[in-house]
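A.B. asks: Have a look at this one before I ask anything.
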Amino acid sequence: MDSQLKIFAPAKVTGEQQKIAAYLRGERIFPTTIEMDLTQLCTRSCPGCPYKGPRRQRLTMPFAFLDRLLSILGRNTPGIVFSGGEATIVPHFPEAVALARKKGFKEIAVISNGGFTHHPKVQDALLEHVTSIRISLYDWQDGESPYFIDTLKKISRLRERIEKEGSHLEIGASLLTRSDLNHRYETVGRQALAAGIDWLYFHPYCVDWHCQRPLQADQTGVLAAIEKLKTGAPRGANIQVPFERYSQEPLYFEKLHGAHFLIQVGADGVNYAGPECKYDKNSELLDLNEYMQDDFLWHPRRLKRLDELNSDTYAFIGTRHRPPMFSDYIQKLIRRQKQTAGQAPATEPADHFSYPCIL
């Protein structure tokens with residue numbers, strides 16, 4: 001397992017070595033990845049979902065807005081993630097992923113609940129244009145629910161088309177972890193692998209989204225339970241565990257560095273500090289409906305807000321999502337650079353990671 005390429009690690013933010021070096025010199029950079037919600041609409045209504053409130057607006061990103069945004073970023077930003085809501089239910093989903101490919105994005109990822117992956121037009125678009133789809137598995141907690149079994153069947157049918165047609169699309173699946181579910185990872189993980197996924201990704205379930213500072217749920221024993229799955233899984237099974245997200249080490253950063261490398265745009269057209277805080281009013285960086293010129297990334301209001309968000313003021317730090325994880329890592333690079341009299345700090349080559357353009 002240790003020899004497998006990682007999908008996530010804080011060091012992944014340094015994969016584009018020229019970009020991280022430019023950032024450390026104080027230069028302007030384009031992000032490595034843009035993550036965007038095509039819609040707030042979803043086919044699910046999951047307990048604990050942090051976005052139930054915003055979804056009452058039922059917003060979907062207009063195609064013209066998407067076209068303009070991707071025209072600015074496509075040649076300079078190699079990775080894009082379509083999320084939601086449920087991106088695949090948007091009528092122009094096939095056109096959206098085709099547009100991303102046309103605009104120059106090298107890697108295109110989709111985060112989905114899998115509910116619409118059986119529709120021919122969705123499948124056609126995935127197989128032709130998309131690098132990877134990550135299907136979030138639900139309703140597996142207490143047994144083999146009809147929804148869970150149906151999702152596995154849809155994964156299997158998508159795998160059949162990939163094999164038959166020679167598509168390069170890869171299928172991942174993700175499971176949210178908390179200590180009271182430790183007894184289920186082995187059974188569910190084996191079922192997901194048997195359905196035909198390329199990789200299985202675990203990440204912590206978070207709670208208290210309605211409070212000022214959401215946190216991870218209790219993760220006691222989670223890593224040991226996943227290790228049991230890994231031990232009994234088929235040889236070569238790609239089981240991804242972002243260990244740093246399970247660490248208790250405090251995160252520290254003087255500003256939200258990570259949001260320069262991974263940017264989040266909601267279905268409302270607002271650039272937020274990160275995927276974990278989208279639709280939070282206090283996490284808005286810039287409303288792109290008001291300003292979306294070629295230089296929007298360096299708008300004074302956006303830069304000022306990013307400089308104000310640090311490990312003391314960033315309310316979502318306890319969830320240990322990507323922007324604060326990347327920010328902590330970059331802060332360490334800055335400290336090491338100062339200690340070594342300005343020498344460039346060691347970075348991780350992009351080829352150490354799966355999907356190097358998708359942070």
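Labels used: A, B, ... for chains in the order of the structure tokens, numbers from 1 for residues in each chain, and numbers from 1 for ligands as shown.
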For Ile20 (chain A), please output as a ChimeraX atom specification all residues within 10 Å (counting only C-alpha atoms; exclusion window: fewer than 6 positions along the same chain).
C.D. replies: /A:13-14,26-27,29,261,330,333,344-345,347
A.B. asks: Which residues in region 8-70 of chain A does DSSP call strand (DSSP E or B)? List them as a compact mmCIF listing (two decimals) with N, CA and C atoms, in the first residue's frame.
C.D. replies:
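Below is the file that was written, states36.txt:
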# COMPACT_ATOMS: atom_id res chain seq x y z
N THR A 33 -6.07 24.10 -8.94
CA THR A 33 -7.39 23.47 -9.06
C THR A 33 -8.48 24.49 -8.78
N ILE A 34 -9.53 24.43 -9.57
CA ILE A 34 -10.77 25.12 -9.23
C ILE A 34 -11.83 24.05 -8.95
N GLU A 35 -12.51 24.18 -7.83
CA GLU A 35 -13.64 23.32 -7.50
C GLU A 35 -14.89 24.18 -7.56
N MET A 36 -15.91 23.70 -8.25
CA MET A 36 -17.11 24.51 -8.42
C MET A 36 -18.37 23.67 -8.31
N ASP A 37 -19.40 24.30 -7.77
CA ASP A 37 -20.71 23.68 -7.70
C ASP A 37 -21.48 24.05 -8.96
N THR A 39 -24.48 23.15 -9.30
CA THR A 39 -25.83 23.38 -8.80
C THR A 39 -25.86 23.16 -7.30
N THR A 60 -28.55 27.10 -9.80
CA THR A 60 -27.72 26.37 -10.75
C THR A 60 -26.87 27.38 -11.51
A.B. asks: So which residues touch region 273-285 of chain A within 9 Å, counting only C-alpha atoms, skipping near sequence neighbours fewer than 4 positions away, as number ranges by chain?
C.D. replies: A: 35-36, 50-51, 54, 256, 258-259, 262-266, 268, 301-306, 309, 314-316, 319, 321-324
A.B. asks: Could you check the closest approach to Lys106 (chain A) for each of A:Leu73, A:Ile197, A:Asp142, A:Cys357 and tell me which residue wins, using only C-alpha atoms?
C.D. replies: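 For Lys106 (chain A), the nearest of the given residues is A:Cys357.
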A.B. asks: Fewer than 6 positions away in the same chain doesn't count, so skip those; otherwise give me all residues within 10 Å of Arg68 (chain A), counting only C-alpha atoms, as a list in words.
C.D. replies: Met292, Gln293 and Asp294 of chain A
A.B. asks: Produce a file of the selected residues containing all heavy atoms, as a short mmCIF file (atom, residue, chain, number, x, y, z; two decimals), in the first residue's frame.
C.D. replies:
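Result file selection31.cif:
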data_model
loop_
_atom_site.label_atom_id
_atom_site.label_comp_id
_atom_site.auth_asym_id
_atom_site.auth_seq_id
_atom_site.Cartn_x
_atom_site.Cartn_y
_atom_site.Cartn_z
N MET A 292 -15.67 39.78 -12.56
CA MET A 292 -15.01 38.59 -13.10
C MET A 292 -14.19 38.99 -14.32
O MET A 292 -14.39 38.50 -15.42
CB MET A 292 -16.00 37.47 -13.43
CG MET A 292 -15.29 36.16 -13.73
SD MET A 292 -16.32 34.67 -13.77
CE MET A 292 -17.72 35.13 -14.75
N GLN A 293 -13.24 39.88 -14.09
CA GLN A 293 -12.29 40.23 -15.13
C GLN A 293 -11.12 39.25 -15.08
O GLN A 293 -11.02 38.42 -14.18
CB GLN A 293 -11.79 41.67 -14.92
CG GLN A 293 -12.90 42.71 -14.93
CD GLN A 293 -13.71 42.69 -16.22
OE1 GLN A 293 -13.16 42.62 -17.32
NE2 GLN A 293 -15.04 42.74 -16.08
N ASP A 294 -10.23 39.34 -16.05
CA ASP A 294 -9.11 38.41 -16.14
C ASP A 294 -8.25 38.40 -14.89
O ASP A 294 -7.58 37.41 -14.58
CB ASP A 294 -8.24 38.73 -17.35
CG ASP A 294 -8.93 38.41 -18.67
OD1 ASP A 294 -10.04 37.85 -18.63
OD2 ASP A 294 -8.36 38.72 -19.73
#
A.B. asks: Using only C-alpha atoms, which residue out of A:Pro356, A:Gly236, A:Pro146, A:Pro250 lies closest to Thr131 (chain A)?
C.D. replies: A:Pro356
A.B. asks: Just asking: which residues within region 225-298 of chain A are helix (DSSP H, G or I) according to DSSP, as a ChimeraX atom specification?
C.D. replies: /A:225-232,243-246,257-260,275-277,281-283,296-298
